[in-house]
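Q: What follows is a structure written as structure tokens; I'll ask about it next.
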Amino acid sequence: NPEANPKLKDLKVRQALYHALNREQLVQTQLPEGATVATQFMPDTVSGYNTDLQPYSYDVEEAKRLLKEAGAEGMELTFAYPTEVSRPYMPDPQKIYEALRTDLEAIGVKVNVKTASWNGGYLDNVTAGRYDAYILGWTGDYDSPFNFVGTFFGNLKENDFGTEAYPWGKQLSDDLKAADAVVDDDERAAAFEEINQQIMEDYLPGLPISHS
């Protein structure tokens, strides 16, 4: 949430946090069999998935370097997780959180722990922008690329990633709506593949962890 923590507006900071996360280990130890490390915000079963994208590397030194370049060494991050819930992508939120928190602290980030029950404040707090960072997931309603990335970033003023705070936020929203309006299946898929590449390489509004 770049509005809650202005340091997150810097792409280098978001890249640093991503490089800090040992997602391969997390998938192997905390997630159900069949889970994979994410390369983008949709799984490979959905049209528009970009097969050319590779996972962000787990690289502690690169993460530290990027934080230093951004002038964000020792930054604080109010990072939250939900209680009283188990989701297909998050069977034990606290264990997943602790793994991510440990990784972030290893690059010098000072993590301020926050938690609330899933339906007793957590989701409301996320929507209200009360956390800098938080764990969320998505179970697709149907096999459509817009059901994933469009749900996340299509509505500029009402999304949990604060994309309105970025200079590219409106462009992303417009591009997603335009891609979803393409009638030809192959052309629509190609448009979403290009958008997925932009999201991961140029924007990085959030850090996709895994697909279950």
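Naming works like this for the structure tokens: A, B, ... for the chains as they're shown, residue 1 at the start of each chain, ligands 1 onward in shown order.
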For range 75-194 of chain A against range 25-31 of chain A, with a cut-off of 8 Å and counting only C-alpha atoms, what is the closest atom pair and its distance in Å to one decimal for every residue that makes the cut, ordered by chain and number, as a tab-separated table?
A:
```
residue	atom	partner	partner_atom	distance
A:Tyr89	CA	A:Leu31	CA	7.1
A:Met90	CA	A:Leu31	CA	7.2
A:Pro91	CA	A:Leu31	CA	7.0
A:Asp92	CA	A:Gln30	CA	7.6
A:Lys95	CA	A:Gln30	CA	7.3
A:Ile96	CA	A:Gln30	CA	6.5
A:Ala99	CA	A:Leu26	CA	7.1
```
Q: Would you save the residues of that selection, restricted to N, CA, C and O atoms, as a PDB file, in the first residue's frame?
A:
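Below you can see selection-v2.pdb, which holds the result:
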```pdb
ATOM      1  N   TYR A  89      -4.989 -21.056  -0.706  1.00  0.00           N
ATOM      2  CA  TYR A  89      -3.675 -20.465  -0.968  1.00  0.00           C
ATOM      3  C   TYR A  89      -2.953 -20.063   0.316  1.00  0.00           C
ATOM      4  O   TYR A  89      -1.834 -19.569   0.275  1.00  0.00           O
ATOM      5  N   MET A  90      -3.595 -20.271   1.469  1.00  0.00           N
ATOM      6  CA  MET A  90      -3.067 -19.788   2.736  1.00  0.00           C
ATOM      7  C   MET A  90      -3.570 -20.688   3.866  1.00  0.00           C
ATOM      8  O   MET A  90      -4.370 -20.275   4.698  1.00  0.00           O
ATOM      9  N   PRO A  91      -3.130 -21.958   3.874  1.00  0.00           N
ATOM     10  CA  PRO A  91      -3.675 -22.904   4.855  1.00  0.00           C
ATOM     11  C   PRO A  91      -3.389 -22.529   6.304  1.00  0.00           C
ATOM     12  O   PRO A  91      -4.206 -22.780   7.176  1.00  0.00           O
ATOM     13  N   ASP A  92      -2.224 -21.921   6.546  1.00  0.00           N
ATOM     14  CA  ASP A  92      -1.883 -21.476   7.897  1.00  0.00           C
ATOM     15  C   ASP A  92      -1.270 -20.078   7.784  1.00  0.00           C
ATOM     16  O   ASP A  92      -0.054 -19.936   7.632  1.00  0.00           O
ATOM     17  N   LYS A  95       1.960 -19.128   9.917  1.00  0.00           N
ATOM     18  CA  LYS A  95       3.232 -19.744   9.527  1.00  0.00           C
ATOM     19  C   LYS A  95       3.781 -19.122   8.250  1.00  0.00           C
ATOM     20  O   LYS A  95       4.988 -18.896   8.117  1.00  0.00           O
ATOM     21  N   ILE A  96       2.898 -18.853   7.302  1.00  0.00           N
ATOM     22  CA  ILE A  96       3.324 -18.196   6.065  1.00  0.00           C
ATOM     23  C   ILE A  96       3.862 -16.796   6.385  1.00  0.00           C
ATOM     24  O   ILE A  96       4.919 -16.389   5.894  1.00  0.00           O
ATOM     25  N   ALA A  99       7.336 -16.845   7.977  1.00  0.00           N
ATOM     26  CA  ALA A  99       8.387 -17.105   6.991  1.00  0.00           C
ATOM     27  C   ALA A  99       8.712 -15.836   6.210  1.00  0.00           C
ATOM     28  O   ALA A  99       9.884 -15.484   6.000  1.00  0.00           O
TER      29      ALA A  99
END
```
Q: Just the residues within 10 Å of range 79-84 of chain A, please, counting only C-alpha atoms, with nothing from its chain fewer than 2 positions along; format it as a PyMOL selection string.
A: chain A and resi 76-77+86+90+92-98+100-101+110-123+125-126+130-136
Q: Within 12 Å of Leu66 in chain A, counting only C-alpha atoms, which residues qualify if same-chain residues fewer than 3 places away don't, as a list in words?
A: Asp10, Leu11, Lys12, Val13, Arg14, Gln15, Ala16, Leu17, Tyr18, His19, Ala20, Asp59, Val60, Glu61, Glu62, Ala63, Glu69, Ala70, Gly71, Ala72, Glu73, Ile107 and Gly108 of chain A
Q: Using only C-alpha atoms, determine which residues lie at most 10 Å from range 137-152 of chain A, disregarding the query and same-chain residues fewer than 5 positions distant; provide the list as a ChimeraX atom specification.
A: /A:40-43,45-49,87-90,158-161,163,172-173,175-177,179-181,188-189,192-193,195-196,199,205-206,208-212
Q: Restricting it to N, CA, C and O atoms, dump the selection as a compact mmCIF listing (two decimals), in the first residue's frame.
A:
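Saved to selection-v5.txt:
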```txt
# COMPACT_ATOMS: atom_id res chain seq x y z
N GLN A 40 3.61 -14.29 -11.99
CA GLN A 40 2.69 -13.20 -12.32
C GLN A 40 1.41 -13.37 -11.51
O GLN A 40 1.32 -14.31 -10.70
N PHE A 41 0.45 -12.51 -11.71
CA PHE A 41 -0.74 -12.48 -10.87
C PHE A 41 -1.85 -13.42 -11.33
O PHE A 41 -2.98 -13.28 -10.89
N MET A 42 -1.56 -14.36 -12.20
CA MET A 42 -2.53 -15.38 -12.58
C MET A 42 -1.79 -16.70 -12.77
O MET A 42 -0.59 -16.72 -13.07
N PRO A 43 -2.48 -17.82 -12.59
CA PRO A 43 -1.84 -19.13 -12.78
C PRO A 43 -1.76 -19.50 -14.26
O PRO A 43 -2.42 -18.88 -15.10
N THR A 45 -3.01 -21.82 -15.83
CA THR A 45 -4.22 -22.43 -16.37
C THR A 45 -5.15 -21.40 -17.02
O THR A 45 -6.18 -21.78 -17.59
N VAL A 46 -4.80 -20.12 -16.93
CA VAL A 46 -5.67 -19.06 -17.41
C VAL A 46 -5.12 -18.45 -18.70
O VAL A 46 -3.91 -18.18 -18.80
N SER A 47 -5.99 -18.23 -19.67
CA SER A 47 -5.61 -17.57 -20.91
C SER A 47 -5.01 -16.20 -20.62
O SER A 47 -5.53 -15.45 -19.79
N GLY A 48 -3.90 -15.88 -21.29
CA GLY A 48 -3.23 -14.61 -21.05
C GLY A 48 -2.01 -14.74 -20.17
O GLY A 48 -1.28 -13.76 -19.97
N TYR A 49 -1.78 -15.95 -19.65
CA TYR A 49 -0.57 -16.21 -18.85
C TYR A 49 0.65 -16.05 -19.75
O TYR A 49 0.70 -16.56 -20.86
N ARG A 87 -7.37 -20.67 3.93
CA ARG A 87 -7.75 -20.55 2.53
C ARG A 87 -6.91 -21.53 1.70
O ARG A 87 -5.83 -21.93 2.14
N PRO A 88 -7.36 -21.92 0.50
CA PRO A 88 -6.57 -22.85 -0.32
C PRO A 88 -5.15 -22.36 -0.57
O PRO A 88 -4.21 -23.16 -0.62
N TYR A 89 -4.99 -21.06 -0.71
CA TYR A 89 -3.67 -20.47 -0.97
C TYR A 89 -2.95 -20.06 0.32
O TYR A 89 -1.83 -19.57 0.27
N MET A 90 -3.59 -20.27 1.47
CA MET A 90 -3.07 -19.79 2.74
C MET A 90 -3.57 -20.69 3.87
O MET A 90 -4.37 -20.27 4.70
N GLU A 158 -10.63 1.96 -6.55
CA GLU A 158 -11.05 1.00 -5.53
C GLU A 158 -10.32 -0.33 -5.73
O GLU A 158 -10.89 -1.28 -6.25
N ASN A 159 -9.06 -0.36 -5.34
CA ASN A 159 -8.35 -1.64 -5.32
C ASN A 159 -7.39 -1.65 -4.14
O ASN A 159 -7.01 -0.61 -3.62
N ASP A 160 -7.02 -2.84 -3.71
CA ASP A 160 -6.24 -3.00 -2.49
C ASP A 160 -4.74 -2.81 -2.70
O ASP A 160 -3.95 -3.04 -1.78
N PHE A 161 -4.34 -2.38 -3.91
CA PHE A 161 -2.93 -2.18 -4.21
C PHE A 161 -2.56 -0.71 -4.30
O PHE A 161 -1.41 -0.37 -4.56
N THR A 163 -3.10 1.55 -6.56
CA THR A 163 -2.48 1.93 -7.82
C THR A 163 -2.77 3.38 -8.23
O THR A 163 -2.08 3.93 -9.09
N LEU A 172 -2.66 1.42 -16.55
CA LEU A 172 -2.88 -0.01 -16.32
C LEU A 172 -4.37 -0.33 -16.30
O LEU A 172 -4.81 -1.30 -16.93
N SER A 173 -5.14 0.47 -15.61
CA SER A 173 -6.57 0.25 -15.55
C SER A 173 -7.21 0.32 -16.94
O SER A 173 -8.01 -0.55 -17.32
N ASP A 175 -5.67 -0.09 -19.86
CA ASP A 175 -5.17 -1.19 -20.69
C ASP A 175 -5.91 -2.49 -20.39
O ASP A 175 -6.22 -3.27 -21.31
N LEU A 176 -6.20 -2.73 -19.13
CA LEU A 176 -6.91 -3.95 -18.75
C LEU A 176 -8.32 -3.97 -19.33
O LEU A 176 -8.79 -4.99 -19.85
N LYS A 177 -9.00 -2.85 -19.23
CA LYS A 177 -10.37 -2.78 -19.75
C LYS A 177 -10.37 -2.93 -21.27
O LYS A 177 -11.25 -3.58 -21.84
N ALA A 179 -8.11 -4.56 -23.07
CA ALA A 179 -7.78 -5.94 -23.40
C ALA A 179 -8.99 -6.85 -23.21
O ALA A 179 -9.23 -7.76 -24.00
N ASP A 180 -9.76 -6.59 -22.17
CA ASP A 180 -10.92 -7.43 -21.89
C ASP A 180 -12.00 -7.26 -22.95
O ASP A 180 -12.84 -8.15 -23.12
N ALA A 181 -11.97 -6.14 -23.66
CA ALA A 181 -12.99 -5.87 -24.67
C ALA A 181 -12.64 -6.47 -26.04
O ALA A 181 -13.46 -6.42 -26.95
N ARG A 188 -6.95 -11.32 -27.58
CA ARG A 188 -7.17 -10.96 -26.18
C ARG A 188 -6.10 -11.58 -25.29
O ARG A 188 -5.55 -10.92 -24.40
N ALA A 189 -5.78 -12.85 -25.54
CA ALA A 189 -4.74 -13.52 -24.75
C ALA A 189 -3.40 -12.81 -24.90
O ALA A 189 -2.67 -12.59 -23.92
N PHE A 192 -3.29 -9.62 -22.87
CA PHE A 192 -3.08 -9.84 -21.44
C PHE A 192 -1.66 -10.33 -21.15
O PHE A 192 -1.10 -10.02 -20.10
N GLU A 193 -1.08 -11.08 -22.06
CA GLU A 193 0.31 -11.50 -21.88
C GLU A 193 1.23 -10.27 -21.81
O GLU A 193 2.15 -10.21 -20.97
N ILE A 195 0.33 -7.22 -20.94
CA ILE A 195 0.04 -6.51 -19.69
C ILE A 195 0.70 -7.21 -18.50
O ILE A 195 1.26 -6.55 -17.61
N ASN A 196 0.65 -8.53 -18.48
CA ASN A 196 1.30 -9.26 -17.38
C ASN A 196 2.78 -8.97 -17.33
O ASN A 196 3.38 -8.87 -16.24
N ILE A 199 3.18 -5.48 -15.86
CA ILE A 199 2.90 -5.49 -14.42
C ILE A 199 4.12 -5.98 -13.64
O ILE A 199 4.49 -5.38 -12.63
N PRO A 205 3.04 -3.78 -8.61
CA PRO A 205 2.18 -3.19 -7.57
C PRO A 205 2.01 -4.06 -6.34
O PRO A 205 1.58 -3.59 -5.28
N GLY A 206 2.33 -5.33 -6.46
CA GLY A 206 2.28 -6.26 -5.34
C GLY A 206 3.26 -7.38 -5.62
O GLY A 206 3.91 -7.39 -6.67
N PRO A 208 3.33 -11.20 -6.06
CA PRO A 208 2.67 -12.50 -6.13
C PRO A 208 3.57 -13.62 -5.62
O PRO A 208 4.71 -13.75 -6.07
N ILE A 209 3.08 -14.38 -4.66
CA ILE A 209 3.90 -15.38 -3.99
C ILE A 209 3.80 -16.75 -4.67
O ILE A 209 4.81 -17.34 -5.05
N SER A 210 2.57 -17.24 -4.83
CA SER A 210 2.42 -18.61 -5.31
C SER A 210 1.04 -18.81 -5.91
O SER A 210 0.15 -17.97 -5.75
N HIS A 211 0.89 -19.93 -6.59
CA HIS A 211 -0.42 -20.38 -7.07
C HIS A 211 -0.64 -21.79 -6.55
O HIS A 211 0.25 -22.64 -6.63
N SER A 212 -1.83 -22.02 -6.03
CA SER A 212 -2.15 -23.32 -5.46
C SER A 212 -3.04 -24.13 -6.38
O SER A 212 -3.73 -25.02 -5.92
```
Q: Gly129 in chain A: which residues within 9 Å, counting only C-alpha atoms, same-chain residues fewer than 5 positions away excluded, as an mmCIF file with all heavy atoms, in the first residue's frame?
A:
```cif
data_model
loop_
_atom_site.group_PDB
_atom_site.id
_atom_site.type_symbol
_atom_site.label_atom_id
_atom_site.label_comp_id
_atom_site.auth_asym_id
_atom_site.auth_seq_id
_atom_site.Cartn_x
_atom_site.Cartn_y
_atom_site.Cartn_z
ATOM 1 N N ASN A 1 0.846 -1.179 0.000
ATOM 2 C CA ASN A 1 0.000 0.000 0.000
ATOM 3 C C ASN A 1 0.893 1.244 0.000
ATOM 4 O O ASN A 1 1.391 1.649 1.048
ATOM 5 C CB ASN A 1 -0.902 -0.018 1.224
ATOM 6 C CG ASN A 1 -1.811 1.211 1.283
ATOM 7 O OD1 ASN A 1 -1.779 2.074 0.412
ATOM 8 N ND2 ASN A 1 -2.611 1.280 2.327
ATOM 9 N N GLU A 3 0.152 4.292 -0.327
ATOM 10 C CA GLU A 3 -0.428 5.455 0.343
ATOM 11 C C GLU A 3 -0.171 5.402 1.843
ATOM 12 O O GLU A 3 -0.031 6.436 2.489
ATOM 13 C CB GLU A 3 -1.921 5.527 0.036
ATOM 14 C CG GLU A 3 -2.192 5.794 -1.444
ATOM 15 C CD GLU A 3 -3.664 5.726 -1.796
ATOM 16 O OE1 GLU A 3 -4.311 4.734 -1.435
ATOM 17 O OE2 GLU A 3 -4.139 6.663 -2.451
ATOM 18 N N ALA A 4 -0.084 4.198 2.402
ATOM 19 C CA ALA A 4 0.210 4.069 3.829
ATOM 20 C C ALA A 4 1.700 4.228 4.114
ATOM 21 O O ALA A 4 2.083 4.702 5.179
ATOM 22 C CB ALA A 4 -0.268 2.712 4.343
ATOM 23 N N ASP A 124 -11.533 -5.364 6.319
ATOM 24 C CA ASP A 124 -11.920 -3.955 6.396
ATOM 25 C C ASP A 124 -10.688 -3.062 6.527
ATOM 26 O O ASP A 124 -10.614 -1.981 5.921
ATOM 27 C CB ASP A 124 -12.860 -3.709 7.580
ATOM 28 C CG ASP A 124 -14.241 -4.327 7.362
ATOM 29 O OD1 ASP A 124 -14.593 -4.581 6.197
ATOM 30 O OD2 ASP A 124 -14.939 -4.558 8.365
ATOM 31 N N ASP A 160 -7.021 -2.845 -3.711
ATOM 32 C CA ASP A 160 -6.240 -3.001 -2.487
ATOM 33 C C ASP A 160 -4.742 -2.812 -2.701
ATOM 34 O O ASP A 160 -3.954 -3.038 -1.783
ATOM 35 C CB ASP A 160 -6.502 -4.382 -1.879
ATOM 36 C CG ASP A 160 -7.928 -4.517 -1.370
ATOM 37 O OD1 ASP A 160 -8.490 -3.499 -0.916
ATOM 38 O OD2 ASP A 160 -8.482 -5.635 -1.425
ATOM 39 N N GLY A 162 -3.527 0.180 -4.107
ATOM 40 C CA GLY A 162 -3.255 1.616 -4.112
ATOM 41 C C GLY A 162 -2.687 2.132 -5.416
ATOM 42 O O GLY A 162 -1.873 3.065 -5.421
#
```
Q: Within chain A, find each residue whose DSSP state, derived from the backbone, is strand (DSSP E or B), and express the selection as number ranges by chain.
A: A: 36-37, 76-83, 87, 90, 110-117, 133-134, 210-211
Q: Quick one: distance from CA of Glu105 in chain A to CA of Gly74 in chain A in Å, one decimal?
A: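 That distance, rounded to one decimal, is 9.2 Å.
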Q: Between CA of Phe153 in chain A and CA of Asp174 in chain A, what is the spacing in Å?
A: 9.7 Å
Q: Give me, as a list in words, the residues of range 104-153 of chain A that a backbone DSSP run labels helix (DSSP H, G or I).
A: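 Matching residues for helix (DSSP H, G or I) in range 104-153 of chain A are Leu104, Glu105, Trp118, Asn119, Gly120, Gly121, Tyr122, Leu123, Asp124, Asn125, Val126, Thr127, Pro145, Phe146, Asn147, Phe148, Val149, Gly150, Thr151, Phe152 and Phe153 of chain A.
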Q: Between CA of Thr39 in chain A and CA of Gln54 in chain A, what is the distance in Å, rounded to a tenth?
A: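 If I compute the distance from CA of Thr39 in chain A to CA of Gln54 in chain A, I get 5.6 Å.
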